[in-house]
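What follows is the content of final_7.cif, which has mmCIF, C-alpha atoms:
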data_data
#
loop_
_atom_site.group_PDB
_atom_site.id
_atom_site.type_symbol
_atom_site.label_atom_id
_atom_site.label_comp_id
_atom_site.auth_asym_id
_atom_site.auth_seq_id
_atom_site.Cartn_x
_atom_site.Cartn_y
_atom_site.Cartn_z
ATOM 1 C CA MET A 1143 141.230 178.766 97.743
ATOM 2 C CA THR A 1144 141.370 182.225 99.350
ATOM 3 C CA THR A 1145 141.768 182.622 103.079
ATOM 4 C CA ILE A 1146 140.122 185.422 105.019
ATOM 5 C CA SER A 1147 142.421 187.432 107.216
ATOM 6 C CA ALA A 1148 141.603 188.113 110.877
ATOM 7 C CA GLU A 1149 141.016 191.795 110.019
ATOM 8 C CA GLU A 1150 138.518 190.928 107.271
ATOM 9 C CA ARG A 1151 136.699 188.507 109.581
ATOM 10 C CA GLU A 1152 136.512 191.141 112.298
ATOM 11 C CA TYR A 1153 135.266 193.743 109.799
ATOM 12 C CA LYS A 1154 132.504 191.382 108.617
ATOM 13 C CA GLN A 1155 131.463 190.686 112.209
ATOM 14 C CA GLU A 1156 131.305 194.419 112.981
ATOM 15 C CA LEU A 1157 129.289 195.049 109.813
ATOM 16 C CA LYS A 1158 126.854 192.304 110.813
ATOM 17 C CA LYS A 1159 126.471 193.834 114.274
ATOM 18 C CA LYS A 1160 125.763 197.278 112.823
ATOM 19 C CA THR A 1161 123.256 196.135 110.186
ATOM 20 C CA ALA A 1162 121.349 193.149 111.651
ATOM 21 C CA MET A 1163 119.136 195.004 114.153
ATOM 22 C CA PRO A 1164 118.354 197.975 111.853
ATOM 23 C CA MET A 1165 117.355 195.488 109.122
ATOM 24 C CA ILE A 1166 114.989 193.521 111.383
ATOM 25 C CA LEU A 1167 113.516 196.788 112.699
ATOM 26 C CA LEU A 1168 112.960 197.965 109.123
ATOM 27 C CA GLY A 1169 111.268 194.665 108.312
ATOM 28 C CA MET A 1170 109.046 194.915 111.391
ATOM 29 C CA GLY A 1171 108.160 198.502 110.448
ATOM 30 C CA SER A 1172 107.021 197.263 107.019
ATOM 31 C CA ILE A 1173 104.883 194.559 108.627
ATOM 32 C CA VAL A 1174 103.306 197.145 110.962
ATOM 33 C CA MET A 1175 102.405 199.291 107.944
ATOM 34 C CA ILE A 1176 100.762 196.315 106.184
ATOM 35 C CA PHE A 1177 98.641 195.481 109.224
ATOM 36 C CA ALA A 1178 97.825 199.154 109.866
ATOM 37 C CA ALA A 1179 96.531 199.422 106.287
ATOM 38 C CA LEU A 1180 94.486 196.228 106.605
ATOM 39 C CA THR A 1181 92.968 197.097 109.972
ATOM 40 C CA SER A 1182 92.127 200.580 108.662
ATOM 41 C CA ALA A 1183 90.415 198.937 105.675
ATOM 42 C CA VAL A 1184 88.396 196.771 108.081
ATOM 43 C CA ILE A 1185 87.226 199.857 109.999
ATOM 44 C CA VAL A 1186 86.166 201.569 106.756
ATOM 45 C CA SER A 1187 84.460 198.412 105.427
ATOM 46 C CA LYS A 1188 82.587 197.878 108.695
ATOM 47 C CA SER A 1189 80.285 200.791 107.834
ATOM 48 C CA SER A 1190 79.064 198.823 104.782
ATOM 49 C CA ARG A 1191 75.574 197.257 104.884
ATOM 50 C CA ASP A 1192 77.093 193.937 103.819
ATOM 51 C CA TRP A 1193 79.206 193.698 106.977
ATOM 52 C CA VAL A 1194 78.496 190.634 109.143
ATOM 53 C CA ASN A 1195 79.803 190.399 112.705
ATOM 54 C CA ILE A 1196 81.814 187.235 113.320
ATOM 55 C CA GLU A 1197 81.812 185.327 116.571
ATOM 56 C CA ILE A 1198 85.472 184.761 117.430
ATOM 57 C CA PRO A 1199 86.232 181.091 118.212
ATOM 58 C CA SER A 1200 87.439 180.540 121.793
ATOM 59 C CA THR A 1201 90.444 178.724 120.289
ATOM 60 C CA PHE A 1202 91.887 182.156 119.452
ATOM 61 C CA LEU A 1203 91.967 182.973 123.178
ATOM 62 C CA PHE A 1204 93.999 179.807 123.819
ATOM 63 C CA SER A 1205 96.382 180.635 120.968
ATOM 64 C CA THR A 1206 96.817 184.136 122.446
ATOM 65 C CA ILE A 1207 97.761 182.661 125.821
ATOM 66 C CA VAL A 1208 100.171 180.229 124.115
ATOM 67 C CA ILE A 1209 101.983 182.941 122.140
ATOM 68 C CA ILE A 1210 102.350 185.139 125.252
ATOM 69 C CA ILE A 1211 103.875 182.192 127.158
ATOM 70 C CA SER A 1212 106.173 181.487 124.177
ATOM 71 C CA SER A 1213 107.392 185.081 124.292
ATOM 72 C CA LEU A 1214 108.166 184.675 128.002
ATOM 73 C CA SER A 1215 110.036 181.420 127.391
ATOM 74 C CA TYR A 1216 112.141 183.065 124.662
ATOM 75 C CA TRP A 1217 112.873 185.984 126.968
ATOM 76 C CA TRP A 1218 114.024 183.440 129.610
ATOM 77 C CA ALA A 1219 116.190 181.671 127.000
ATOM 78 C CA TYR A 1220 117.851 184.947 125.932
ATOM 79 C CA ARG A 1221 118.398 185.999 129.537
ATOM 80 C CA SER A 1222 119.972 182.607 130.266
ATOM 81 C CA ALA A 1223 122.344 183.031 127.308
ATOM 82 C CA LYS A 1224 123.421 186.465 128.553
ATOM 83 C CA LYS A 1225 124.301 184.829 131.879
ATOM 84 C CA GLY A 1226 126.276 182.116 130.081
ATOM 85 C CA GLN A 1227 123.732 179.371 130.919
ATOM 86 C CA PHE A 1228 123.700 177.792 127.470
ATOM 87 C CA SER A 1229 121.957 174.528 128.374
ATOM 88 C CA MET A 1230 119.045 176.640 129.637
ATOM 89 C CA LEU A 1231 119.177 178.609 126.378
ATOM 90 C CA LYS A 1232 118.722 175.388 124.406
ATOM 91 C CA ASN A 1233 115.819 174.294 126.636
ATOM 92 C CA GLY A 1234 114.139 177.703 126.425
ATOM 93 C CA VAL A 1235 114.401 177.798 122.638
ATOM 94 C CA MET A 1236 112.965 174.267 122.395
ATOM 95 C CA ILE A 1237 110.016 175.238 124.631
ATOM 96 C CA THR A 1238 109.411 178.343 122.496
ATOM 97 C CA LEU A 1239 109.555 176.311 119.290
ATOM 98 C CA ILE A 1240 107.047 173.769 120.637
ATOM 99 C CA LEU A 1241 104.713 176.570 121.780
ATOM 100 C CA GLY A 1242 105.033 178.194 118.337
ATOM 101 C CA LEU A 1243 103.936 174.917 116.725
ATOM 102 C CA VAL A 1244 101.042 174.648 119.207
ATOM 103 C CA PHE A 1245 100.013 178.198 118.266
ATOM 104 C CA THR A 1246 100.061 177.217 114.572
ATOM 105 C CA PHE A 1247 97.924 174.132 115.267
ATOM 106 C CA LEU A 1248 95.430 176.243 117.251
ATOM 107 C CA GLN A 1249 95.147 178.725 114.364
ATOM 108 C CA PHE A 1250 94.206 175.941 111.959
ATOM 109 C CA SER A 1251 91.749 174.574 114.529
ATOM 110 C CA ALA A 1252 90.139 178.017 114.833
ATOM 111 C CA TRP A 1253 89.827 178.288 111.038
ATOM 112 C CA ASN A 1254 88.151 174.851 110.949
ATOM 113 C CA GLU A 1255 85.718 176.066 113.595
ATOM 114 C CA LEU A 1256 84.999 179.182 111.533
ATOM 115 C CA THR A 1257 84.239 177.156 108.398
ATOM 116 C CA ARG A 1258 81.937 174.859 110.439
ATOM 117 C CA ASN A 1259 80.135 178.053 111.542
ATOM 118 C CA GLY A 1260 79.739 179.166 107.906
ATOM 119 C CA VAL A 1261 82.537 181.767 107.811
ATOM 120 C CA PHE A 1262 84.518 181.333 104.575
ATOM 121 C CA PHE A 1263 87.469 183.088 103.002
ATOM 122 C CA ALA A 1264 86.078 183.075 99.446
ATOM 123 C CA GLY A 1265 83.187 181.697 97.422
ATOM 124 C CA PRO A 1266 79.457 182.377 97.201
ATOM 125 C CA SER A 1267 78.953 181.979 100.971
ATOM 126 C CA SER A 1268 81.815 184.299 101.931
ATOM 127 C CA THR A 1269 81.413 187.795 103.365
ATOM 128 C CA VAL A 1270 83.677 190.829 103.402
ATOM 129 C CA SER A 1271 84.183 190.467 107.162
ATOM 130 C CA GLY A 1272 85.024 186.764 106.813
ATOM 131 C CA SER A 1273 87.570 187.432 104.074
ATOM 132 C CA TYR A 1274 89.263 190.147 106.138
ATOM 133 C CA PHE A 1275 89.338 187.829 109.140
ATOM 134 C CA TYR A 1276 91.193 185.125 107.225
ATOM 135 C CA VAL A 1277 93.553 187.622 105.582
ATOM 136 C CA LEU A 1278 94.566 189.204 108.908
ATOM 137 C CA THR A 1279 95.045 185.947 110.798
ATOM 138 C CA GLY A 1280 96.589 184.150 107.800
ATOM 139 C CA LEU A 1281 99.070 186.934 107.125
ATOM 140 C CA HIS A 1282 100.161 186.859 110.748
ATOM 141 C CA LEU A 1283 100.641 183.092 110.560
ATOM 142 C CA ALA A 1284 102.724 183.488 107.387
ATOM 143 C CA HIS A 1285 105.076 185.840 109.252
ATOM 144 C CA LEU A 1286 105.073 183.482 112.239
ATOM 145 C CA ILE A 1287 106.335 180.659 110.002
ATOM 146 C CA GLY A 1288 109.392 182.848 109.375
ATOM 147 C CA GLY A 1289 109.740 183.083 113.156
ATOM 148 C CA LEU A 1290 109.552 179.287 113.476
ATOM 149 C CA ILE A 1291 112.333 178.923 110.904
ATOM 150 C CA SER A 1292 114.390 181.431 112.890
ATOM 151 C CA LEU A 1293 113.736 179.467 116.095
ATOM 152 C CA SER A 1294 114.829 176.240 114.386
ATOM 153 C CA VAL A 1295 118.110 177.840 113.306
ATOM 154 C CA VAL A 1296 118.709 179.236 116.809
ATOM 155 C CA TYR A 1297 117.967 175.839 118.366
ATOM 156 C CA TYR A 1298 120.376 174.108 115.979
ATOM 157 C CA LYS A 1299 123.111 176.659 116.750
ATOM 158 C CA SER A 1300 122.504 176.485 120.507
ATOM 159 C CA ALA A 1301 122.679 172.662 120.384
ATOM 160 C CA ARG A 1302 126.012 172.959 118.523
ATOM 161 C CA GLY A 1303 127.444 175.420 121.046
ATOM 162 C CA PHE A 1304 127.596 178.271 118.536
ATOM 163 C CA TYR A 1305 126.660 180.996 121.027
ATOM 164 C CA SER A 1306 128.839 182.590 123.655
ATOM 165 C CA SER A 1307 128.253 185.524 126.005
ATOM 166 C CA ASN A 1308 129.754 187.949 123.435
ATOM 167 C CA LYS A 1309 128.285 186.192 120.370
ATOM 168 C CA LEU A 1310 124.492 186.515 120.665
ATOM 169 C CA LEU A 1311 123.523 188.646 117.665
ATOM 170 C CA GLY A 1312 121.499 185.986 115.817
ATOM 171 C CA LEU A 1313 119.687 185.092 119.022
ATOM 172 C CA GLN A 1314 118.968 188.764 119.746
ATOM 173 C CA VAL A 1315 117.503 189.338 116.259
ATOM 174 C CA SER A 1316 115.366 186.192 116.480
ATOM 175 C CA THR A 1317 114.121 187.077 119.973
ATOM 176 C CA THR A 1318 113.203 190.610 118.908
ATOM 177 C CA TYR A 1319 111.218 189.303 115.940
ATOM 178 C CA TRP A 1320 109.399 186.688 118.046
ATOM 179 C CA HIS A 1321 108.382 189.261 120.685
ATOM 180 C CA PHE A 1322 107.156 191.486 117.862
ATOM 181 C CA LEU A 1323 104.986 188.654 116.463
ATOM 182 C CA SER A 1324 103.537 188.059 119.940
ATOM 183 C CA VAL A 1325 102.636 191.732 120.407
ATOM 184 C CA LEU A 1326 101.194 191.859 116.874
ATOM 185 C CA TRP A 1327 98.973 188.857 117.576
ATOM 186 C CA VAL A 1328 97.700 190.335 120.864
ATOM 187 C CA TYR A 1329 96.845 193.522 118.932
ATOM 188 C CA LEU A 1330 95.002 191.503 116.264
ATOM 189 C CA TYR A 1331 93.126 189.481 118.872
ATOM 190 C CA ILE A 1332 91.931 192.659 120.623
ATOM 191 C CA PHE A 1333 91.112 194.295 117.281
ATOM 192 C CA LEU A 1334 89.084 191.312 116.002
ATOM 193 C CA ASN A 1335 87.230 190.951 119.304
ATOM 194 C CA PHE A 1336 86.384 194.545 120.082
ATOM 195 C CA ILE A 1337 86.733 196.659 116.930
ATOM 196 C CA ALA A 1338 86.103 194.528 113.817
#
What does the file become when written as structure tokens?
Amino acid sequence: MTTISAEEREYKQELKKKTAMPMILLGMGSIVMIFAALTSAVIVSKSSRDWVNIEIPSTFLFSTIVIIISSLSYWWAYRSAKKGQFSMLKNGVMITLILGLVFTFLQFSAWNELTRNGVFFAGPSSTVSGSYFYVLTGLHLAHLIGGLISLSVVYYKSARGFYSSNKLLGLQVSTTYWHFLSVLWVYLYIFLNFIA
């Protein structure tokens, strides 16, 4: 069994610090490009005669409010950790995780409402606008599931006392990604309401 020297451990920690944020920013840049391409495709497709305007379920407004509040609770959790208030960090992460699950539930509820109103993703009754709607909201939810996994890991680590005032990198990366998902959803909500 090989042991890692203090120098090697320190080098790995420094490497992590230097690469973690650029990697998450690169990932977020890729996600932005995917959604930019899809929303551009919606704008082009909207000029088609087959385009049908979709009435946005009010549930999407509630999910928008929930994800904004979740972003605020994660900001509070991160701020608490920077001040060394680690019990508040754990509470803030738990609140954010619960709100993230509520957001997920509301998305499924909104999709159920859409299908009851005759808006389908695929099949003979589907429309181009309906398919785009499900792709945009579904793709966001897929990325949000990654955020929920990240939140679960952060909660586990905060409950185990992993974080300290000079050891917050994982929390910082997770917080950045969650805020990004919140901003992305607000953009999609505005886009689907007023542009699509």
Exercise for the section: For each of A:Ala1223, A:Leu1323, A:Ala1264, A:Val1208, take the minimum atom-to-atom distance to Leu1243 (chain A), counting all atoms listed in the file, then give the residue where this is smallest. Expected result: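 Closest to Leu1243 (chain A), using all atoms listed in the file: A:Val1208.
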Problem - Gap from CA of Phe1245 (chain A) to CA of Ser1229 (chain A) - Å, one decimal - result: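 Interatomic distance, CA of Phe1245 (chain A) to CA of Ser1229 (chain A): 24.4 Å.
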Problem - Which residue of A:Val1315, A:Ile1337, A:Ile1210, A:Ile1332 approaches Thr1161 (chain A) most closely, using all atoms listed in the file - result: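 Of A:Val1315, A:Ile1337, A:Ile1210, A:Ile1332, the one nearest Thr1161 (chain A) is A:Val1315, counting all atoms listed in the file.
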Exercise for the section: Using all atoms listed in the file, pick whichever of A:Ser1187, A:Ser1222, A:Thr1279, A:Gln1314 has the shortest atom-to-atom distance to Thr1206 (chain A). Expected result: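 Closest candidate: A:Thr1279.
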Problem - Option closest in space to Thr1318 (chain A), from A:Ser1292, A:Thr1201, A:Gln1249, A:Ser1190 [counting only C-alpha atoms] - result: A:Ser1292
Handout entry: Å distance separating CA of Ser1306 (chain A) from CA of Ala1219 (chain A), one decimal place
Key =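 One can read the CA of Ser1306 (chain A) to CA of Ala1219 (chain A) distance as 13.1 Å.
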Problem - the PyMOL selection byres ((chain A and resi 1310) around 12) applied to the shown file, residues as a ChimeraX atom specification - result: /A:1155,1158-1159,1162-1163,1219-1226,1228,1231,1296,1299-1300,1303-1309,1311-1317
Problem - Residue among A:Gly1288, A:Leu1330, A:Ile1198, A:Ser1324 lying closest to Asn1259 (chain A), counting all atoms listed in the file - result: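 Using all atoms listed in the file, Asn1259 (chain A) sits closest to A:Ile1198.
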Exercise for the section: Compare A:Ser1215, A:Gly1280, A:Tyr1274, A:Tyr1319 by their minimum atom-to-atom distance to Met1165 (chain A), counting all atoms listed in the file, and give me the closest one. Expected result: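 Among the listed residues, the smallest separation from Met1165 (chain A) belongs to A:Tyr1319.
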Exercise for the section: Please identify all polymer residues within 9 Å of Thr1246 (chain A), counting only C-alpha atoms, omitting same-chain residues fewer than 2 positions from it, and present them as a PyMOL selection string. Expected result: chain A and resi 1205+1241-1244+1248-1251+1283+1286-1287
Because some atoms of region 1206-1234 of chain A are absent here, can you restore N, CA and C atoms and send them as an mmCIF file, in the frame of the given file?
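Resulting contents of part-v9.cif:
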data_model
loop_
_atom_site.group_PDB
_atom_site.id
_atom_site.type_symbol
_atom_site.label_atom_id
_atom_site.label_comp_id
_atom_site.auth_asym_id
_atom_site.auth_seq_id
_atom_site.Cartn_x
_atom_site.Cartn_y
_atom_site.Cartn_z
ATOM 1 N N THR A 1206 96.258 182.886 121.911
ATOM 2 C CA THR A 1206 96.817 184.136 122.446
ATOM 3 C C THR A 1206 97.612 183.859 123.715
ATOM 4 N N ILE A 1207 97.056 183.028 124.591
ATOM 5 C CA ILE A 1207 97.761 182.661 125.821
ATOM 6 C C ILE A 1207 99.061 181.928 125.487
ATOM 7 N N VAL A 1208 98.989 181.018 124.512
ATOM 8 C CA VAL A 1208 100.171 180.229 124.115
ATOM 9 C C VAL A 1208 101.270 181.131 123.582
ATOM 10 N N ILE A 1209 100.929 182.104 122.731
ATOM 11 C CA ILE A 1209 101.983 182.941 122.140
ATOM 12 C C ILE A 1209 102.588 183.886 123.186
ATOM 13 N N ILE A 1210 101.805 184.310 124.167
ATOM 14 C CA ILE A 1210 102.350 185.139 125.252
ATOM 15 C C ILE A 1210 103.346 184.316 126.086
ATOM 16 N N ILE A 1211 102.968 183.068 126.397
ATOM 17 C CA ILE A 1211 103.875 182.192 127.158
ATOM 18 C C ILE A 1211 105.142 181.920 126.352
ATOM 19 N N SER A 1212 105.000 181.743 125.024
ATOM 20 C CA SER A 1212 106.173 181.487 124.177
ATOM 21 C C SER A 1212 107.127 182.679 124.183
ATOM 22 N N SER A 1213 106.561 183.882 124.237
ATOM 23 C CA SER A 1213 107.392 185.081 124.292
ATOM 24 C C SER A 1213 108.166 185.127 125.612
ATOM 25 N N LEU A 1214 107.502 184.724 126.693
ATOM 26 C CA LEU A 1214 108.166 184.675 128.002
ATOM 27 C C LEU A 1214 109.266 183.618 128.030
ATOM 28 N N SER A 1215 109.013 182.478 127.394
ATOM 29 C CA SER A 1215 110.036 181.420 127.391
ATOM 30 C C SER A 1215 111.244 181.830 126.552
ATOM 31 N N TYR A 1216 111.012 182.602 125.482
ATOM 32 C CA TYR A 1216 112.141 183.065 124.662
ATOM 33 C C TYR A 1216 112.923 184.150 125.389
ATOM 34 N N TRP A 1217 112.199 184.972 126.137
ATOM 35 C CA TRP A 1217 112.873 185.984 126.968
ATOM 36 C C TRP A 1217 113.776 185.287 127.998
ATOM 37 N N TRP A 1218 113.255 184.217 128.632
ATOM 38 C CA TRP A 1218 114.024 183.440 129.610
ATOM 39 C C TRP A 1218 115.257 182.815 128.945
ATOM 40 N N ALA A 1219 115.073 182.290 127.729
ATOM 41 C CA ALA A 1219 116.190 181.671 127.000
ATOM 42 C C ALA A 1219 117.286 182.706 126.718
ATOM 43 N N TYR A 1220 116.878 183.884 126.248
ATOM 44 C CA TYR A 1220 117.851 184.947 125.932
ATOM 45 C C TYR A 1220 118.571 185.423 127.188
ATOM 46 N N ARG A 1221 117.812 185.565 128.258
ATOM 47 C CA ARG A 1221 118.398 185.999 129.537
ATOM 48 C C ARG A 1221 119.407 184.960 130.032
ATOM 49 N N SER A 1222 119.060 183.692 129.870
ATOM 50 C CA SER A 1222 119.972 182.607 130.266
ATOM 51 C C SER A 1222 121.271 182.675 129.479
ATOM 52 N N ALA A 1223 121.153 182.943 128.164
ATOM 53 C CA ALA A 1223 122.344 183.031 127.308
ATOM 54 C C ALA A 1223 123.238 184.184 127.740
ATOM 55 N N LYS A 1224 122.628 185.314 128.106
ATOM 56 C CA LYS A 1224 123.421 186.465 128.553
ATOM 57 C C LYS A 1224 124.182 186.160 129.841
ATOM 58 N N LYS A 1225 123.632 185.224 130.640
ATOM 59 C CA LYS A 1225 124.301 184.829 131.879
ATOM 60 C C LYS A 1225 125.277 183.680 131.652
ATOM 61 N N GLY A 1226 125.368 183.218 130.396
ATOM 62 C CA GLY A 1226 126.276 182.116 130.081
ATOM 63 C C GLY A 1226 125.715 180.738 130.388
ATOM 64 N N GLN A 1227 124.391 180.657 130.623
ATOM 65 C CA GLN A 1227 123.732 179.371 130.919
ATOM 66 C C GLN A 1227 123.184 178.788 129.614
ATOM 67 N N PHE A 1228 124.060 178.172 128.837
ATOM 68 C CA PHE A 1228 123.700 177.792 127.470
ATOM 69 C C PHE A 1228 122.856 176.525 127.373
ATOM 70 N N SER A 1229 122.869 175.681 128.397
ATOM 71 C CA SER A 1229 121.957 174.528 128.374
ATOM 72 C C SER A 1229 120.522 175.012 128.597
ATOM 73 N N MET A 1230 120.368 176.055 129.418
ATOM 74 C CA MET A 1230 119.045 176.640 129.637
ATOM 75 C C MET A 1230 118.583 177.379 128.385
ATOM 76 N N LEU A 1231 119.520 177.970 127.653
ATOM 77 C CA LEU A 1231 119.177 178.609 126.378
ATOM 78 C C LEU A 1231 118.554 177.580 125.445
ATOM 79 N N LYS A 1232 119.214 176.433 125.301
ATOM 80 C CA LYS A 1232 118.722 175.388 124.406
ATOM 81 C C LYS A 1232 117.330 174.923 124.826
ATOM 82 N N ASN A 1233 117.127 174.723 126.129
ATOM 83 C CA ASN A 1233 115.819 174.294 126.636
ATOM 84 C C ASN A 1233 114.744 175.352 126.381
ATOM 85 N N GLY A 1234 115.096 176.609 126.632
ATOM 86 C CA GLY A 1234 114.139 177.703 126.425
ATOM 87 C C GLY A 1234 113.738 177.855 124.972
#
